[in-house]
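The block underneath contains the structure these notes are about, expressed in structure tokens.
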Amino acid sequence: MKTRRFFSSFFAALLCALILTAPALAAEADKKLEDPAVQAKAALLVERTSGKILYSLNPDTQLYPSSLVKIMTALLVLEAVEEGKLALDQKLTASPTALAATVGLTAGLDPGEEMSVRDLLACMLVVSANDASNVLAEAVAGTVDNFVLRMNDRARELGCTNTNFTNVTGEHHDNMYTSAQDMYLITEEALKHEAFLPICDSADLIIPPTNTTTKERHYRTTNYLLSNWRALGYIYRDAHGIKDSSSTQAGFCLVTSAAKDELDLLCVILGAQKVTLPDGKTQVQSFSEATRLLKWGFASFSYQTILTPNDMLASMPVTMSDSDAVTLHSDKEIVVLMPVVLSPEDLTRTIRFPSKSVEAPVTVGQQLAEVELSYGDDVYAVVPLVALNSVAASETQIIERDVQTFFTRTEIKLAIIAAAVLILLVFLWKMTVGRRRYRYGKSVRGRSNYRGRRK
């Protein structure tokens, strides 16, 4: 009977515990973002303002880039413009060597044809024209081979560790590769140039007549996110360029960006596929997956205020003052990028003090500690904590401290000991040798010259 009561009570308690903890467990589960599970060999989503990686899939895997190579080509051309070696409106002449080396997509340049640097960049970035790439490379470095050397040098300077270029166009080569992380670094550098993104954003491109043509050229972008001229169902209104590519070896690749609300996202997709959907239609997943990943980023992250100057986070003991402690806070508002499933209240605040106390005087804004705000393994901010108010020093306590400090110095202690020993020695001398001399000396001084009794 007792056994039955025990088990009944035990299971009842267990059931209550499960009921009470279920909401907490569910709330904890809600703190995790849904995995977008991008369908590609590699992918990267970065918030550009903060530099925070929001999603990564094989970011350092070496993969074929196809014509994403042209982003690096454009970067070196724009840097040459910035250095004054070229000008965007400067006319360049298409040499026979540049055109002879061209295979694949072209802008149909003629030998000796003159076209501005700006229009050549547009042909290269908007319609992936390989002849424009070679003409630009020769203008910057003298030869295409020299330009390729500079591409690899610049990649190393940018911190790319999984990239090697063999040409300026992206035509397949077994020894040419890059990674999602490296393409992000290269693109981010290119975006620093004002002329880059407006060119990449062009859905329709019109090239005016040149010295060898009497008609203007009209091209349409190869980027499905910007135009439905080549394919329907891919346009994403928030998207900007940047460059798409495809080849048998590389699959379908894309670098694009989008800005919405407070977020500015950069997306890299490498090695996506063209698939057949259940309804029989085909889908180029470099575009569909990039759109899905960008939308996931906008829906999943936001900037949140995690600290304000009004948050009193700690107090620190103060010595040499009539005040016992000083209040610590952040002297500015701290705003960070966080998953929307988290709130500032979810963050763990870990305060680190460099010492157990601080000695007065303390001034307003004096840094005395720091606080780390984290959730699990993710650290969102490390913020200095400063004094909210000033604390004056107590002159009485300082004098007492200085006196104590003075007498605790080794040399002072030795001097005091020496003085004490000296005083003791003098005292002992007075009490022994000095006393005897005093007694005997008095007797001698008082003695008369009498030698015997007179008769």
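For the structure tokens, the naming scheme is as follows: chains receive sequential letters (A, B, ...) according to their order of presentation, residues are indexed from 1 within each chain, and ligands are indexed from 1 in presentation order.
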
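Every protein or nucleic acid residue with an atom no more than 6 Å from range 347-356 of chain A, counting only C-alpha atoms and leaving out same-chain residues fewer than 6 positions away, appears here: A:Ala369, A:Glu370, A:Val371, A:Glu372, A:Leu373, A:Ser374, A:Tyr375.
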
Running DSSP on the backbone, which parts of range 102-323 of chain A land in strand (DSSP E), as JSON, numbers by chain? {"A": [114, 115, 116, 204, 205, 206, 207, 217, 218, 219, 220, 239, 240, 241, 242, 243, 244, 245, 246, 247, 251, 252, 253, 254, 255, 256, 257, 258, 259, 260, 263, 264, 265, 266, 267, 268, 269, 270, 271, 272, 274, 275, 276, 282, 283, 284, 301, 302, 303, 304, 305, 306, 307, 312, 313, 314, 315, 316, 317, 318, 319]}

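Using only C-alpha atoms, the shortest contact distance between Leu388 in chain A and any of A:Gln304, A:Ser343, A:Asn310, A:Thr214 is found at A:Asn310.
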
Apply DSSP to the structure's backbone, then extract all residues of range 112-256 of chain A labelled alpha helix (DSSP H) and return them as a PyMOL selection string. chain A and resi 117-126+130-141+144-157+180-190+196-200

I'd like the neighbourhood of range 187-195 of chain A as a CSV table (one decimal) with all heavy atoms, in the first residue's frame, where a residue qualifies if any of its atoms comes within 8 Å (using only C-alpha atoms), though same-chain residues fewer than 3 positions away should be ignored.
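out.csv, freshly written:
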```
chain,number,residue,atom,x,y,z
A,71,ILE,N,34.1,40.9,-61.1
A,71,ILE,CA,34.0,41.8,-60.0
A,71,ILE,C,35.4,42.3,-59.6
A,71,ILE,O,35.6,43.5,-59.4
A,71,ILE,CB,33.3,41.2,-58.8
A,71,ILE,CG1,31.9,40.8,-59.2
A,71,ILE,CG2,33.3,42.1,-57.6
A,71,ILE,CD1,31.1,40.0,-58.1
A,72,MET,N,36.4,41.4,-59.6
A,72,MET,CA,37.7,41.7,-59.4
A,72,MET,C,38.3,42.6,-60.5
A,72,MET,O,39.0,43.6,-60.3
A,72,MET,CB,38.6,40.5,-59.1
A,72,MET,CG,40.1,40.8,-59.0
A,72,MET,SD,40.5,41.9,-57.6
A,72,MET,CE,40.8,40.7,-56.3
A,74,ALA,N,36.6,44.6,-62.4
A,74,ALA,CA,36.1,45.9,-62.3
A,74,ALA,C,36.7,46.7,-61.1
A,74,ALA,O,37.0,47.9,-61.2
A,74,ALA,CB,34.6,45.8,-62.0
A,75,LEU,N,37.0,46.0,-60.0
A,75,LEU,CA,37.7,46.6,-58.9
A,75,LEU,C,39.0,47.2,-59.3
A,75,LEU,O,39.3,48.4,-59.0
A,75,LEU,CB,37.9,45.6,-57.7
A,75,LEU,CG,38.8,46.1,-56.6
A,75,LEU,CD1,38.2,47.3,-55.9
A,75,LEU,CD2,39.0,45.0,-55.6
A,78,LEU,N,38.5,50.3,-61.5
A,78,LEU,CA,38.0,51.5,-60.7
A,78,LEU,C,39.1,52.1,-59.8
A,78,LEU,O,39.2,53.3,-59.5
A,78,LEU,CB,36.8,51.1,-59.9
A,78,LEU,CG,35.5,50.8,-60.7
A,78,LEU,CD1,34.4,50.2,-59.8
A,78,LEU,CD2,35.0,52.1,-61.4
A,183,MET,N,34.7,36.0,-52.2
A,183,MET,CA,33.9,36.9,-53.1
A,183,MET,C,33.3,38.0,-52.3
A,183,MET,O,33.1,39.1,-52.8
A,183,MET,CB,32.9,36.0,-53.8
A,183,MET,CG,33.4,35.2,-54.9
A,183,MET,SD,34.5,36.1,-56.1
A,183,MET,CE,33.4,37.5,-56.5
A,184,TYR,N,32.9,37.7,-51.1
A,184,TYR,CA,32.4,38.8,-50.2
A,184,TYR,C,33.4,39.9,-50.0
A,184,TYR,O,33.1,41.1,-50.2
A,184,TYR,CB,31.9,38.2,-48.9
A,184,TYR,CG,31.9,39.3,-47.8
A,184,TYR,CD1,30.9,40.3,-47.8
A,184,TYR,CD2,32.8,39.2,-46.7
A,184,TYR,CE1,30.9,41.3,-46.8
A,184,TYR,CE2,32.8,40.2,-45.7
A,184,TYR,CZ,31.8,41.2,-45.8
A,184,TYR,OH,31.8,42.1,-44.8
A,198,PRO,N,25.8,51.5,-59.4
A,198,PRO,CA,24.9,52.0,-60.4
A,198,PRO,C,25.1,51.3,-61.7
A,198,PRO,O,24.1,51.0,-62.4
A,198,PRO,CB,25.3,53.5,-60.5
A,198,PRO,CG,25.8,53.9,-59.2
A,198,PRO,CD,26.6,52.6,-58.7
A,199,ILE,N,26.3,50.9,-62.1
A,199,ILE,CA,26.5,50.1,-63.3
A,199,ILE,C,25.9,48.8,-63.2
A,199,ILE,O,25.2,48.3,-64.1
A,199,ILE,CB,28.0,50.1,-63.7
A,199,ILE,CG1,28.6,51.4,-64.0
A,199,ILE,CG2,28.2,49.1,-64.8
A,199,ILE,CD1,30.0,51.5,-64.2
```

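By chain and then residue number, the residues within 8 Å of range 56-65 of chain A are Val38, Lys41, Ala42, Ala43, Leu44, Leu45, Val69, Asn162, Thr163, Gly170, His172, Met176, Tyr177, Thr178, Ser179, Ala180, Gln181, Asp182, Ser245, Gln249, Ala250, Cys253, Leu270 and Gly271 of chain A, counting only C-alpha atoms and disregarding those fewer than 4 positions away in sequence.
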
Those residues with N, CA and C atoms, as a tab-separated table (two decimals), in the first residue's frame please?
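Written file, out-v3.tsv:
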```tsv
chain	number	residue	atom	x	y	z
A	38	VAL	N	20.02	26.64	-47.54
A	38	VAL	CA	20.21	27.08	-48.92
A	38	VAL	C	20.67	25.92	-49.80
A	41	LYS	N	26.27	24.88	-53.32
A	41	LYS	CA	27.49	24.32	-52.75
A	41	LYS	C	28.05	25.22	-51.66
A	42	ALA	N	27.83	26.52	-51.79
A	42	ALA	CA	28.31	27.47	-50.78
A	42	ALA	C	27.43	28.70	-50.81
A	43	ALA	N	27.31	29.34	-49.67
A	43	ALA	CA	26.50	30.55	-49.58
A	43	ALA	C	26.97	31.39	-48.40
A	44	LEU	N	26.74	32.69	-48.50
A	44	LEU	CA	27.12	33.60	-47.42
A	44	LEU	C	26.15	34.77	-47.43
A	45	LEU	N	25.69	35.15	-46.25
A	45	LEU	CA	24.84	36.33	-46.10
A	45	LEU	C	25.45	37.21	-45.02
A	69	VAL	N	34.43	36.47	-61.62
A	69	VAL	CA	35.79	37.01	-61.72
A	69	VAL	C	35.75	38.49	-62.13
A	162	ASN	N	41.48	31.69	-50.38
A	162	ASN	CA	41.03	30.54	-51.19
A	162	ASN	C	40.68	30.98	-52.61
A	163	THR	N	41.51	31.86	-53.15
A	163	THR	CA	41.23	32.42	-54.47
A	163	THR	C	42.48	32.39	-55.33
A	170	GLY	N	36.63	34.94	-66.53
A	170	GLY	CA	35.91	33.87	-65.85
A	170	GLY	C	35.75	32.62	-66.68
A	172	HIS	N	36.37	29.08	-67.91
A	172	HIS	CA	36.79	28.01	-67.01
A	172	HIS	C	38.26	27.65	-67.17
A	176	MET	N	41.54	27.88	-61.54
A	176	MET	CA	40.94	29.15	-61.12
A	176	MET	C	39.79	28.84	-60.16
A	177	TYR	N	39.87	29.42	-58.98
A	177	TYR	CA	38.87	29.12	-57.96
A	177	TYR	C	38.72	30.30	-57.01
A	178	THR	N	37.65	30.27	-56.25
A	178	THR	CA	37.42	31.26	-55.21
A	178	THR	C	36.53	30.62	-54.16
A	179	SER	N	36.10	31.41	-53.19
A	179	SER	CA	35.19	30.93	-52.15
A	179	SER	C	34.15	32.00	-51.88
A	180	ALA	N	33.09	31.62	-51.19
A	180	ALA	CA	32.04	32.58	-50.86
A	180	ALA	C	32.59	33.71	-50.00
A	181	GLN	N	33.44	33.38	-49.03
A	181	GLN	CA	34.03	34.39	-48.16
A	181	GLN	C	34.91	35.34	-48.95
A	182	ASP	N	35.72	34.81	-49.86
A	182	ASP	CA	36.61	35.67	-50.65
A	182	ASP	C	35.82	36.57	-51.60
A	245	SER	N	26.63	34.55	-62.82
A	245	SER	CA	27.48	33.79	-63.72
A	245	SER	C	27.00	32.36	-63.76
A	249	GLN	N	30.99	23.81	-65.24
A	249	GLN	CA	31.83	23.43	-64.10
A	249	GLN	C	31.44	24.18	-62.82
A	250	ALA	N	31.07	25.45	-62.93
A	250	ALA	CA	30.79	26.27	-61.76
A	250	ALA	C	29.35	26.18	-61.30
A	253	CYS	N	25.99	30.87	-60.24
A	253	CYS	CA	26.54	31.67	-59.15
A	253	CYS	C	25.95	33.08	-59.19
A	270	LEU	N	27.19	30.22	-54.55
A	270	LEU	CA	28.10	29.52	-55.46
A	270	LEU	C	27.62	28.09	-55.66
A	271	GLY	N	27.71	27.63	-56.92
A	271	GLY	CA	27.43	26.22	-57.21
A	271	GLY	C	25.98	25.83	-57.06
```

List the neighbours of range 115-131 of chain A out to 9 Å using only C-alpha atoms; skip same-chain residues closer than 4 positions along the sequence, and give me the result as JSON, numbers by chain. {"A": [67, 70, 71, 74, 77, 86, 87, 88, 89, 90, 91, 92, 93, 94, 98, 99, 100, 101, 102, 103, 104, 105, 106, 107, 108, 109, 135, 136, 168, 169, 170, 171, 195, 196, 199, 200, 201, 202, 203, 204, 205, 206, 207, 208, 210, 211, 219, 220, 221, 222, 223, 241, 242, 243, 244, 245]}

With C-alpha atoms retained, could you export that selection as a tab-separated table (two decimals), in the first residue's frame?
```tsv
chain	number	residue	atom	x	y	z
A	67	SER	CA	32.36	35.23	-64.58
A	70	LYS	CA	34.69	40.23	-63.43
A	71	ILE	CA	34.00	41.81	-60.02
A	74	ALA	CA	36.06	45.93	-62.26
A	77	VAL	CA	39.81	49.25	-63.17
A	86	LEU	CA	42.29	56.20	-66.21
A	87	ALA	CA	39.09	58.27	-66.36
A	88	LEU	CA	35.56	56.91	-66.65
A	89	ASP	CA	34.89	59.02	-69.75
A	90	GLN	CA	38.27	58.20	-71.29
A	91	LYS	CA	38.08	56.38	-74.64
A	92	LEU	CA	39.95	53.09	-74.92
A	93	THR	CA	40.78	51.37	-78.19
A	94	ALA	CA	40.01	47.69	-78.66
A	98	ALA	CA	42.52	41.86	-76.73
A	99	LEU	CA	39.88	40.72	-79.19
A	100	ALA	CA	41.86	37.72	-80.38
A	101	ALA	CA	42.00	36.44	-76.81
A	102	THR	CA	38.25	36.71	-76.41
A	103	VAL	CA	35.99	33.67	-76.28
A	104	GLY	CA	32.44	33.34	-75.01
A	105	LEU	CA	30.08	36.29	-74.53
A	106	THR	CA	31.11	39.56	-76.18
A	107	ALA	CA	29.84	43.08	-76.76
A	108	GLY	CA	30.76	42.73	-80.44
A	109	LEU	CA	33.67	45.15	-80.32
A	135	VAL	CA	40.32	45.72	-73.37
A	136	LEU	CA	40.10	47.11	-69.82
A	168	VAL	CA	40.05	38.31	-66.41
A	169	THR	CA	36.80	36.96	-67.86
A	170	GLY	CA	35.91	33.87	-65.85
A	171	GLU	CA	36.31	31.38	-68.67
A	195	ALA	CA	30.47	54.11	-59.93
A	196	PHE	CA	30.32	50.35	-59.29
A	199	ILE	CA	26.51	50.14	-63.31
A	200	CYS	CA	25.64	46.74	-61.80
A	201	ASP	CA	22.06	47.89	-61.26
A	202	SER	CA	21.43	48.56	-64.95
A	203	ALA	CA	18.69	46.33	-66.32
A	204	ASP	CA	18.88	47.84	-69.80
A	205	LEU	CA	22.11	49.11	-71.30
A	206	ILE	CA	22.38	51.44	-74.26
A	207	ILE	CA	25.83	52.06	-75.74
A	208	PRO	CA	25.98	55.11	-78.03
A	210	THR	CA	31.31	54.72	-81.67
A	211	ASN	CA	33.94	55.46	-84.26
A	219	TYR	CA	21.78	45.17	-74.22
A	220	ARG	CA	19.75	43.63	-71.40
A	221	THR	CA	21.13	42.35	-68.12
A	222	THR	CA	21.79	38.67	-67.54
A	223	ASN	CA	20.66	39.13	-63.91
A	241	GLY	CA	22.94	43.69	-59.17
A	242	ILE	CA	25.68	42.72	-58.57
A	243	LYS	CA	26.95	39.95	-60.85
A	244	ASP	CA	25.64	36.58	-61.95
A	245	SER	CA	27.48	33.79	-63.72
```

Excluding Ile235 in chain A and residues on its chain fewer than 6 positions from it, collect all residues at most 8 Å away from it, counting only C-alpha atoms, and give them as a PyMOL selection string. chain A and resi 224-228

Residues near Ser330 in chain A, cut-off 10 Å, only C-alpha atoms, skip fewer than 2 positions along chain, as number ranges by chain: A: 307-313, 328, 332-334, 365, 367, 370-371, 383-388

Name the closest residue to Val364 in chain A among the candidates A:Val391, A:Met338, A:Ala80, A:Ala37; distances are taken between atoms, counting only C-alpha atoms.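 Of the candidates, the smallest distance to Val364 in chain A is held by A:Val391.
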
Please compute the CA of Ala393 in chain A-CA of Met320 in chain A distance, one decimal, in Å.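 Computing the Euclidean distance for CA of Ala393 in chain A and CA of Met320 in chain A yields 5.7 Å.
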
Closest to Thr49 in chain A among A:Val318, A:Leu265, A:Pro339, A:Leu294, using only C-alpha atoms? A:Leu265

For Asp324 in chain A, which residue out of A:Ala392, A:Glu262, A:Val275, A:Arg217 is the nearest one, using only C-alpha atoms?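 Using only C-alpha atoms, Asp324 in chain A sits closest to A:Ala392.
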
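Among A:Leu68, A:Leu425, A:Leu266, A:Leu232, the residue with the shortest atom-to-atom distance to Ser288 in chain A, counting only C-alpha atoms, is A:Leu232.
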